[in-house]
file my_file.cif (mmCIF, C-alpha atoms)
data_protein
#
loop_
_atom_site.label_atom_id
_atom_site.label_comp_id
_atom_site.auth_asym_id
_atom_site.auth_seq_id
_atom_site.Cartn_x
_atom_site.Cartn_y
_atom_site.Cartn_z
CA MET M 292 -30.71 21.60 25.52
CA VAL M 293 -28.77 20.46 22.47
CA SER M 294 -29.38 16.79 21.73
CA THR M 295 -26.57 14.27 21.30
CA HIS M 296 -27.57 13.79 17.67
CA SER M 297 -27.24 17.53 17.02
CA ARG M 298 -23.81 17.65 18.64
CA ARG M 299 -22.66 14.76 16.47
CA ARG M 300 -23.91 16.50 13.36
CA VAL M 301 -22.06 19.70 14.30
CA PHE M 302 -18.90 17.73 15.09
CA GLY M 303 -19.12 15.87 11.79
CA TRP M 304 -19.66 19.10 9.84
CA ALA M 305 -16.71 20.82 11.55
CA SER M 306 -14.47 17.76 11.12
CA ARG M 307 -15.23 17.58 7.42
CA ARG M 308 -14.38 21.25 7.02
CA VAL M 309 -11.06 20.73 8.80
CA ALA M 310 -10.34 17.65 6.68
CA ILE M 311 -10.98 19.59 3.47
CA LEU M 312 -8.78 22.46 4.66
CA LEU M 313 -5.98 20.09 5.64
CA SER M 314 -6.25 18.29 2.30
CA LEU M 315 -5.95 21.60 0.44
CA CYS M 316 -2.81 22.42 2.43
CA VAL M 317 -1.30 19.06 1.46
CA VAL M 318 -2.15 19.66 -2.21
CA ALA M 319 -0.58 23.14 -2.05
CA LEU M 320 2.62 21.69 -0.57
CA TRP M 321 2.64 18.97 -3.25
CA VAL M 322 2.32 21.52 -6.04
CA ALA M 323 5.00 23.76 -4.48
CA ALA M 324 7.46 20.86 -4.33
CA LEU M 325 7.85 20.84 -8.14
CA PRO M 326 9.03 24.46 -8.66
CA LEU M 327 11.09 24.29 -5.48
CA GLY M 328 12.80 21.16 -6.78
CA ALA M 329 13.55 22.92 -10.08
CA TRP M 330 14.77 25.98 -8.13
CA VAL M 331 17.51 23.91 -6.48
CA HIS M 332 18.22 21.82 -9.62
CA GLN M 333 16.82 18.63 -8.04
CA LEU M 334 13.72 18.12 -10.16
CA ASN M 335 14.48 14.58 -11.31
CA GLY M 336 12.86 11.18 -11.52
CA GLY M 337 13.54 10.45 -7.87
CA LEU M 338 11.68 13.51 -6.66
CA VAL M 339 8.77 12.94 -9.03
CA SER M 340 8.48 9.29 -7.92
CA TYR M 341 8.55 10.36 -4.28
CA LEU M 342 5.76 12.86 -4.86
CA LEU M 343 3.67 10.34 -6.79
CA LEU M 344 3.97 7.85 -3.93
CA LEU M 345 2.38 10.39 -1.59
CA VAL M 346 -0.70 10.83 -3.80
CA PRO M 347 -2.47 7.63 -2.61
CA PHE M 348 -1.82 8.49 1.04
CA THR M 349 -3.25 11.98 0.52
CA ALA M 350 -6.25 10.82 -1.50
CA VAL M 351 -7.20 7.98 0.84
CA GLY M 352 -6.59 10.13 3.92
CA ALA M 353 -8.80 12.92 2.58
CA LEU M 354 -11.55 10.48 1.61
CA LEU M 355 -11.57 8.74 4.98
CA ALA M 356 -11.35 11.98 6.97
CA VAL M 357 -14.33 13.41 5.08
CA ARG M 358 -16.44 10.24 4.96
CA VAL M 359 -15.69 8.88 8.46
CA PRO M 360 -14.17 11.76 10.48
CA ALA M 361 -14.45 9.80 13.74
CA ASN M 362 -11.96 7.23 12.41
CA PRO M 363 -8.39 8.47 13.03
CA ILE M 364 -6.86 6.44 10.18
CA GLY M 365 -7.73 9.05 7.57
CA TRP M 366 -6.27 11.82 9.71
CA ILE M 367 -3.08 9.79 10.19
CA PHE M 368 -2.58 9.45 6.44
CA LEU M 369 -3.17 13.17 5.97
CA LEU M 370 -0.68 14.05 8.70
CA VAL M 371 1.94 11.71 7.19
CA SER M 372 1.55 13.39 3.80
CA LEU M 373 1.59 16.84 5.40
CA GLY M 374 4.78 16.14 7.37
CA LEU M 375 6.66 14.57 4.48
CA LEU M 376 5.71 17.27 1.97
CA LEU M 377 6.44 20.07 4.43
CA GLY M 378 9.85 18.53 5.08
CA GLN M 379 10.53 18.19 1.34
CA ASP M 380 9.64 21.81 0.60
CA ALA M 381 11.62 23.06 3.57
CA ALA M 382 14.62 20.96 2.51
CA SER M 383 14.58 22.48 -0.98
CA TYR M 384 14.35 25.96 0.49
CA SER M 385 17.27 25.37 2.88
CA VAL M 386 19.40 23.94 0.04
CA ARG M 387 18.76 27.10 -1.96
CA ALA M 388 19.58 29.29 1.02
CA TYR M 389 22.81 27.67 2.21
CA ARG M 390 24.22 25.60 -0.69
CA ILE M 391 23.37 27.76 -3.71
CA GLU M 392 22.90 31.30 -2.43
CA GLY M 393 25.52 30.84 0.28
CA HIS M 394 23.64 32.94 2.77
CA GLY M 395 20.34 32.86 4.54
CA LEU M 396 16.98 33.67 3.00
CA PRO M 397 13.88 34.76 4.93
CA LEU M 398 12.88 31.99 7.36
CA SER M 399 15.74 29.82 6.11
CA ARG M 400 16.76 28.75 9.62
CA LEU M 401 13.22 27.57 10.28
CA ALA M 402 13.33 25.66 6.99
CA VAL M 403 16.50 23.85 8.12
CA ALA M 404 14.78 22.79 11.34
CA VAL M 405 11.64 21.60 9.49
CA ALA M 406 13.60 19.71 6.81
CA THR M 407 13.52 16.56 8.97
CA GLY M 408 9.89 15.96 8.01
CA TRP M 409 10.65 12.25 7.57
CA VAL M 410 9.85 11.83 11.28
CA ALA M 411 6.21 11.67 10.11
CA PHE M 412 6.95 8.07 9.09
CA ALA M 413 6.59 7.23 12.79
CA LEU M 414 2.80 7.53 12.32
CA LEU M 415 2.56 4.86 9.60
CA PRO M 416 2.35 1.78 11.90
CA LEU M 417 -0.67 3.22 13.74
CA PRO M 418 -3.30 2.13 11.15
CA ILE M 419 -2.20 -1.48 11.72
CA LEU M 420 -3.44 -1.27 15.31
CA LEU M 421 -6.46 0.96 14.64
CA PHE M 422 -7.79 -0.88 11.58
CA PRO M 423 -10.63 -0.97 10.63
CA ASP M 424 -12.85 1.13 12.94
CA GLY M 425 -10.19 3.26 14.64
CA ARG M 426 -10.66 1.61 18.03
CA VAL M 427 -8.27 -0.57 20.05
CA SER M 428 -9.75 -3.58 21.78
CA GLY M 429 -7.97 -4.91 24.83
CA ARG M 430 -6.46 -2.96 27.69
CA GLY M 431 -2.97 -4.34 27.05
CA TRP M 432 -2.98 -3.17 23.43
CA ARG M 433 -4.12 0.28 24.51
CA TRP M 434 -1.02 0.43 26.70
CA THR M 435 1.17 -0.47 23.74
CA LEU M 436 -0.39 2.46 21.86
CA ARG M 437 0.39 4.83 24.73
CA VAL M 438 3.97 3.54 24.98
CA TYR M 439 4.44 3.85 21.21
CA LEU M 440 3.20 7.45 21.14
CA ALA M 441 5.35 8.38 24.14
CA VAL M 442 8.50 6.83 22.67
CA ALA M 443 7.79 8.41 19.28
CA ALA M 444 7.40 11.82 20.93
CA ILE M 445 10.70 11.38 22.77
CA SER M 446 12.45 10.33 19.56
CA VAL M 447 11.10 13.36 17.70
CA ALA M 448 12.25 15.54 20.59
CA GLY M 449 15.73 14.02 20.24
CA VAL M 450 15.77 15.01 16.57
CA GLY M 451 14.64 18.47 17.62
CA VAL M 452 17.59 18.77 20.02
CA HIS M 453 19.95 18.22 17.11
CA ASP M 454 18.08 20.75 14.96
CA LEU M 455 18.35 23.46 17.61
CA GLY M 456 21.66 24.32 15.98
CA ALA M 457 19.67 25.82 13.12
CA PHE M 458 18.76 28.66 15.47
CA THR M 459 21.87 28.86 17.66
CA ASP M 460 24.84 28.28 15.32
CA ALA M 461 26.45 31.31 13.77
CA GLN M 462 27.32 29.44 10.56
CA ILE M 463 24.92 26.87 9.11
CA HIS M 464 25.89 24.06 6.76
CA VAL M 465 23.37 21.70 5.20
CA ASP M 466 23.76 18.57 3.10
CA SER M 467 22.16 17.90 -0.29
CA SER M 468 18.92 16.89 1.42
CA GLY M 469 18.66 20.23 3.24
CA GLU M 470 19.32 18.85 6.73
CA LEU M 471 21.71 20.41 9.22
CA VAL M 472 25.30 19.15 9.10
CA GLY M 473 27.24 19.04 12.32
CA GLY M 474 25.68 20.39 15.47
CA SER M 475 26.34 19.15 18.95
CA THR M 476 24.10 16.29 20.03
CA PRO M 477 24.71 14.80 23.48
CA VAL M 478 25.78 11.16 23.50
CA PHE M 479 22.90 10.12 25.72
CA VAL M 480 20.45 11.65 23.23
CA LYS M 481 21.93 9.53 20.42
CA ALA M 482 21.75 6.41 22.57
CA LEU M 483 18.19 7.25 23.57
CA GLY M 484 17.28 7.65 19.91
CA GLY M 485 18.64 4.17 19.07
CA VAL M 486 16.74 2.58 21.94
CA GLY M 487 13.58 4.45 20.94
CA LEU M 488 13.83 3.30 17.32
CA ALA M 489 14.26 -0.33 18.42
CA THR M 490 11.27 -0.02 20.78
CA LEU M 491 9.07 1.39 18.02
CA ALA M 492 10.06 -1.46 15.70
CA ILE M 493 9.28 -4.11 18.34
CA ILE M 494 5.86 -2.63 19.12
CA ALA M 495 5.00 -2.31 15.43
CA GLY M 496 6.00 -5.95 14.91
CA ALA M 497 3.71 -6.99 17.78
CA TRP M 498 0.84 -5.14 16.08
CA VAL M 499 1.47 -7.07 12.87
CA VAL M 500 1.37 -10.38 14.79
CA ARG M 501 -1.87 -9.26 16.44
CA LEU M 502 -3.34 -8.44 13.03
CA LEU M 503 -2.54 -11.92 11.69
CA TRP M 504 -3.98 -13.52 14.81
CA ARG M 505 -7.20 -11.51 14.42
CA TYR M 506 -7.48 -12.66 10.82
CA ARG M 507 -7.37 -16.33 11.83
CA SER M 508 -10.38 -15.97 14.13
CA ALA M 509 -12.32 -13.27 12.23
CA THR M 510 -15.48 -13.94 10.24
CA GLY M 511 -17.79 -12.01 7.94
CA ASP M 512 -16.97 -8.44 6.91
CA LEU M 513 -14.13 -8.15 9.43
CA ARG M 514 -12.30 -11.07 7.84
CA GLU M 515 -12.68 -9.52 4.39
CA GLN M 516 -11.46 -6.15 5.71
CA LEU M 517 -8.40 -7.75 7.30
CA LYS M 518 -7.76 -9.67 4.09
CA TRP M 519 -7.58 -6.36 2.19
CA LEU M 520 -5.11 -4.89 4.67
CA ILE M 521 -2.91 -7.99 4.78
CA SER M 522 -2.85 -8.22 0.99
CA GLY M 523 -1.96 -4.55 0.57
CA GLY M 524 0.65 -4.70 3.31
CA GLY M 525 2.21 -7.83 1.83
CA LEU M 526 2.44 -6.26 -1.61
CA CYS M 527 3.94 -3.12 -0.07
CA VAL M 528 6.63 -5.10 1.78
CA PHE M 529 7.35 -7.21 -1.31
CA GLY M 530 7.88 -4.14 -3.49
CA PHE M 531 10.07 -2.55 -0.83
CA VAL M 532 12.29 -5.66 -0.60
CA VAL M 533 12.54 -5.96 -4.40
CA SER M 534 13.55 -2.31 -4.72
CA ILE M 535 16.33 -2.83 -2.15
CA LEU M 536 17.61 -6.04 -3.77
CA LEU M 537 17.65 -4.51 -7.26
CA ASN M 538 18.84 -1.08 -6.18
CA SER M 539 22.17 -1.41 -8.00
CA ALA M 540 20.80 -3.09 -11.14
CA GLN M 541 21.75 -1.39 -14.41
CA SER M 542 20.59 -3.82 -17.11
CA GLU M 543 17.08 -4.36 -18.40
CA PRO M 544 14.59 -5.59 -17.32
CA TRP M 545 15.91 -5.49 -13.75
CA TYR M 546 16.47 -1.75 -13.81
CA ALA M 547 12.87 -1.14 -14.88
CA ILE M 548 11.60 -3.49 -12.16
CA ALA M 549 13.71 -1.68 -9.55
CA GLN M 550 12.22 1.64 -10.63
CA ALA M 551 8.64 0.36 -10.60
CA ALA M 552 8.80 -1.72 -7.39
CA PRO M 553 8.54 1.22 -4.93
CA PHE M 554 5.14 2.12 -6.37
CA SER M 555 3.74 -1.02 -4.75
CA ILE M 556 3.78 1.00 -1.51
CA ALA M 557 0.58 2.60 -2.83
CA ALA M 558 -1.16 -0.73 -2.19
CA LEU M 559 -1.11 -0.06 1.57
CA PRO M 560 -3.25 3.11 1.70
CA LEU M 561 -5.51 1.86 -1.09
CA SER M 562 -6.20 -1.42 0.70
CA VAL M 563 -6.83 0.43 3.96
CA GLY M 564 -9.29 2.75 2.22
CA VAL M 565 -11.23 -0.12 0.68
CA GLY M 566 -11.21 -2.06 3.95
CA VAL M 567 -12.47 0.82 6.08
CA LEU M 568 -15.22 1.80 3.64
CA LYS M 569 -16.21 -1.86 3.04
CA TYR M 570 -16.45 -1.28 -0.69
CA ARG M 571 -16.88 -4.48 -2.77
CA LEU M 572 -15.01 -6.55 -0.21
CA TYR M 573 -15.96 -9.83 -1.83
CA GLU M 574 -13.73 -9.23 -4.87
CA ILE M 575 -10.46 -9.35 -2.92
CA ASP M 576 -10.17 -13.12 -3.50
CA ARG M 577 -10.58 -12.64 -7.23
CA LEU M 578 -8.06 -9.77 -7.24
CA ILE M 579 -5.47 -11.84 -5.39
CA SER M 580 -5.93 -14.87 -7.62
CA ARG M 581 -5.69 -12.80 -10.82
CA THR M 582 -2.59 -10.96 -9.61
CA LEU M 583 -0.79 -14.15 -8.61
CA SER M 584 -1.78 -16.06 -11.74
CA TYR M 585 -0.64 -13.37 -14.15
CA ALA M 586 2.55 -12.71 -12.18
CA LEU M 587 3.47 -16.40 -12.25
CA LEU M 588 2.42 -16.66 -15.90
CA THR M 589 4.65 -13.73 -16.82
CA ALA M 590 7.60 -15.22 -14.93
CA VAL M 591 7.20 -18.66 -16.54
CA LEU M 592 6.80 -17.27 -20.07
CA ALA M 593 9.79 -14.98 -19.58
CA GLY M 594 11.82 -17.99 -18.45
CA VAL M 595 10.69 -19.98 -21.49
CA PHE M 596 11.53 -17.08 -23.79
CA VAL M 597 15.02 -16.57 -22.35
CA GLY M 598 15.68 -20.32 -22.20
CA VAL M 599 14.77 -20.93 -25.84
CA VAL M 600 16.85 -17.94 -26.97
CA LEU M 601 19.89 -19.17 -25.04
CA LEU M 602 19.41 -22.72 -26.26
CA MET M 603 19.20 -21.74 -29.93
CA THR M 604 22.00 -19.17 -29.88
CA ARG M 605 24.48 -20.75 -27.45
CA VAL M 606 23.94 -24.47 -28.07
CA LEU M 607 22.39 -24.72 -31.54
CA PRO M 608 23.75 -22.83 -34.55
CA PHE M 609 20.86 -20.43 -35.09
CA SER M 610 20.94 -16.68 -35.52
CA SER M 611 19.42 -14.31 -33.00
CA PRO M 612 16.36 -13.29 -35.12
CA VAL M 613 15.42 -16.96 -35.62
CA ALA M 614 15.85 -17.65 -31.89
CA VAL M 615 13.71 -14.67 -30.93
CA ALA M 616 10.97 -15.70 -33.37
CA ALA M 617 10.99 -19.28 -32.09
CA SER M 618 10.88 -18.10 -28.46
CA THR M 619 7.96 -15.81 -29.22
CA LEU M 620 6.02 -18.64 -30.88
CA ALA M 621 6.74 -20.99 -27.98
CA ALA M 622 5.58 -18.42 -25.40
CA ALA M 623 2.43 -17.70 -27.44
CA ALA M 624 1.61 -21.40 -27.75
CA LEU M 625 2.01 -21.93 -23.99
CA PHE M 626 0.01 -18.85 -22.94
CA THR M 627 -3.56 -20.19 -22.98
CA PRO M 628 -3.05 -23.70 -21.52
CA LEU M 629 -0.56 -22.45 -18.95
CA ARG M 630 -2.86 -19.61 -17.88
CA ALA M 631 -5.81 -21.96 -17.44
CA ARG M 632 -3.73 -24.41 -15.41
CA LEU M 633 -2.20 -21.75 -13.16
CA GLN M 634 -5.56 -20.04 -12.65
CA ARG M 635 -7.15 -23.29 -11.54
CA VAL M 636 -4.36 -24.09 -9.08
CA ILE M 637 -4.40 -20.57 -7.59
CA ASP M 638 -8.21 -20.43 -7.41
CA HIS M 639 -8.10 -23.68 -5.45
CA ARG M 640 -6.09 -21.86 -2.76
CA PHE M 641 -7.02 -18.16 -2.90
CA ASN M 642 -10.39 -17.95 -4.68
CA ARG M 643 -12.13 -20.92 -3.16
CA ALA M 644 -15.65 -19.64 -3.85
CA ARG M 645 -15.09 -19.65 -7.59
CA TYR M 646 -13.29 -22.99 -7.50
CA ASP M 647 -16.13 -24.62 -5.55
CA ALA M 648 -18.72 -23.11 -7.90
CA GLU M 649 -16.88 -24.45 -10.93
CA VAL M 650 -16.64 -27.92 -9.38
CA ILE M 651 -20.37 -27.89 -8.60
CA LEU M 652 -21.31 -26.75 -12.10
CA ALA M 653 -19.00 -29.34 -13.67
CA GLY M 654 -20.64 -32.06 -11.61
CA PHE M 655 -24.09 -30.81 -12.59
CA SER M 656 -23.13 -30.84 -16.27
CA GLY M 657 -21.90 -34.43 -15.97
CA ARG M 658 -25.16 -35.58 -14.34
CA LEU M 659 -27.20 -33.64 -16.87
CA ARG M 660 -25.86 -35.75 -19.73
CA GLN M 661 -27.25 -38.90 -18.09
CA THR M 662 -30.63 -37.52 -16.98
CA VAL M 663 -33.76 -37.26 -19.10
CA ASP M 664 -36.42 -36.80 -16.43
CA LEU M 665 -37.48 -33.12 -16.30
CA ALA M 666 -38.32 -33.16 -12.58
CA THR M 667 -34.87 -34.57 -11.77
CA ILE M 668 -33.17 -31.94 -13.92
CA GLU M 669 -35.13 -29.20 -12.16
CA GLU M 670 -34.16 -30.54 -8.74
CA GLU M 671 -30.47 -30.89 -9.69
CA LEU M 672 -30.34 -27.37 -11.18
CA LEU M 673 -31.89 -25.72 -8.13
CA ALA M 674 -29.54 -27.67 -5.84
CA ALA M 675 -26.49 -26.57 -7.85
CA VAL M 676 -27.59 -22.92 -7.81
CA ASP M 677 -28.30 -23.06 -4.08
CA VAL M 678 -24.88 -24.49 -3.21
CA SER M 679 -22.78 -22.35 -5.59
CA LEU M 680 -24.58 -18.99 -5.26
CA ALA M 681 -26.44 -19.37 -1.91
CA PRO M 682 -29.43 -17.20 -2.91
CA GLY M 683 -32.18 -16.34 -0.45
CA HIS M 684 -34.77 -17.84 -2.79
CA ALA M 685 -34.56 -19.76 -6.07
CA ALA M 686 -37.27 -20.83 -8.49
CA LEU M 687 -37.31 -22.32 -11.98
CA TRP M 688 -39.85 -21.32 -14.58
CA ILE M 689 -40.25 -23.52 -17.67
CA LYS M 690 -42.00 -22.00 -20.64
CA PRO M 691 -44.94 -24.20 -21.62
CA PRO M 692 -45.05 -25.53 -25.20
CA ALA M 693 -46.81 -23.32 -27.72
#
call {"tool": "encode", "arguments": {"input": "my_file.cif", "output": "structure tokens"}}
result
Amino acid sequence: MVSTHSRRRVFGWASRRVAILLSLCVVALWVAALPLGAWVHQLNGGLVSYLLLLVPFTAVGALLAVRVPANPIGWIFLLVSLGLLLGQDAASYSVRAYRIEGHGLPLSRLAVAVATGWVAFALLPLPILLFPDGRVSGRGWRWTLRVYLAVAAISVAGVGVHDLGAFTDAQIHVDSSGELVGGSTPVFVKALGGVGLATLAIIAGAWVVRLLWRYRSATGDLREQLKWLISGGGLCVFGFVVSILLNSAQSEPWYAIAQAAPFSIAALPLSVGVGVLKYRLYEIDRLISRTLSYALLTAVLAGVFVGVVLLMTRVLPFSSPVAVAASTLAAAALFTPLRARLQRVIDHRFNRARYDAEVILAGFSGRLRQTVDLATIEEELLAAVDVSLAPGHAALWIKPPA
């Protein structure tokens, strides 16, 4: 008889092979998107940015699917990338067939039907529920997963009903994104799609609340894993909101910020990958504190720079070069003290381990100045090391005099 261990090894080997094959398919679709975009005269910054945003999802999905094939999160990321890239390539092909050529190309009707690959976005909330081990604890939450998958399947079927016109209509018209224009969709299907979308949003919101509740009661590695996911998800949402608010900005630096903000979406798959693999979890506090401190420092210095320039050019009779030079000097003079102050305040809230260690060492240094007894110094030093670093064992060796 084949042992359970042998079956698991065979399953893991086969799963890794499938993951590698699926990853290669995603890479092939990614590479094909560039010449297809040029073929339909749509190879621009928007398309390139869209393709770059899918790289982290593909890379993290492939890594997780190969390293931990039993965890469905990696497979979900791979399927999201596969669906979106397949839809993008099919959309370019259908645009070429029906907007440039004016007639069908081989398999062009199938391309029109597949162009709605954006439905793969319905899979993105699933890692929130399945994080970090791919399992769902609690019977009630398992039911929410079943309801979500059923509603998502119905919604995708509703989109498919609309796309049936790609095979039944005598004349096909597509928009600039390659999707079918027109087509007869029953009213009840449209209403069902709206209800389904609202249901998916409500369930996904409940999963987010559950995640935050788990974080409050979690300890150890699980708390650090959840901290990674919450940090990455928060950065992703922040970048998404900023990109929407600054969507119509034309002047610098707001235009550059609007173009760069969507790339914060990459924080979500990267944080999930680190959290699942438990790689260097302890540095998340330091990463958060550094990110916040330098972001606030940049904002404050930019405000000082702009304020001094406006003051010297609008209020005081100085020329622009003098105002810019004075603003630069003021920002440079404020950099070091302001950075130290902000870092200390943020460490007090987000990097408590470092803050506590610094307080302990500062207290030890103060006592050291008033102590001359060697035995007392040894005892104080070992106590400070034990509290700040928590080692399993600590000893002090003093070199004897020559």
call {"tool": "residues_around", "arguments": {"input": "my_file.cif", "residues": "M:Gly395", "least_positions_apart": "5", "cutoff": "9 Å", "atoms": "only C-alpha atoms", "output": "PyMOL selection string"}}
result
chain M and resi 385+387-389+400+463
call {"tool": "atom_distance", "arguments": {"input": "my_file.cif", "atom1": "atom CA of M:Tyr384", "atom2": "atom CA of M:Phe458"}}
result
15.8 Å
call {"tool": "atom_distance", "arguments": {"input": "my_file.cif", "atom1": "atom CA of M:Leu440", "atom2": "atom CA of M:Ala489"}}
result
13.8 Å
call {"tool": "closest_residue", "arguments": {"input": "my_file.cif", "among": "M:Gly524, M:Lys569, M:Gly469, M:Gln516", "to": "M:Leu415", "atoms": "all atoms listed in the file"}}
result
M:Gly524
call {"tool": "atom_distance", "arguments": {"input": "my_file.cif", "atom1": "atom CA of M:Val427", "atom2": "atom CA of M:Ile367"}}
result
15.2 Å
call {"tool": "axis_aligned_box", "arguments": {"input": "my_file.cif", "around": "stretch 406-420 of chain M", "padding_each_side": "8 Å", "output": "lines of an AutoDock Vina configuration file"}}
result
center_x = 5.1
center_y = 9.1
center_z = 11.1
size_x = 33.0
size_y = 37.2
size_z = 24.5
call {"tool": "closest_residue", "arguments": {"input": "my_file.cif", "among": "M:Val410, M:Val565, M:Leu401, M:Leu687", "to": "M:Gly374", "atoms": "all atoms listed in the file"}}
result
M:Val410
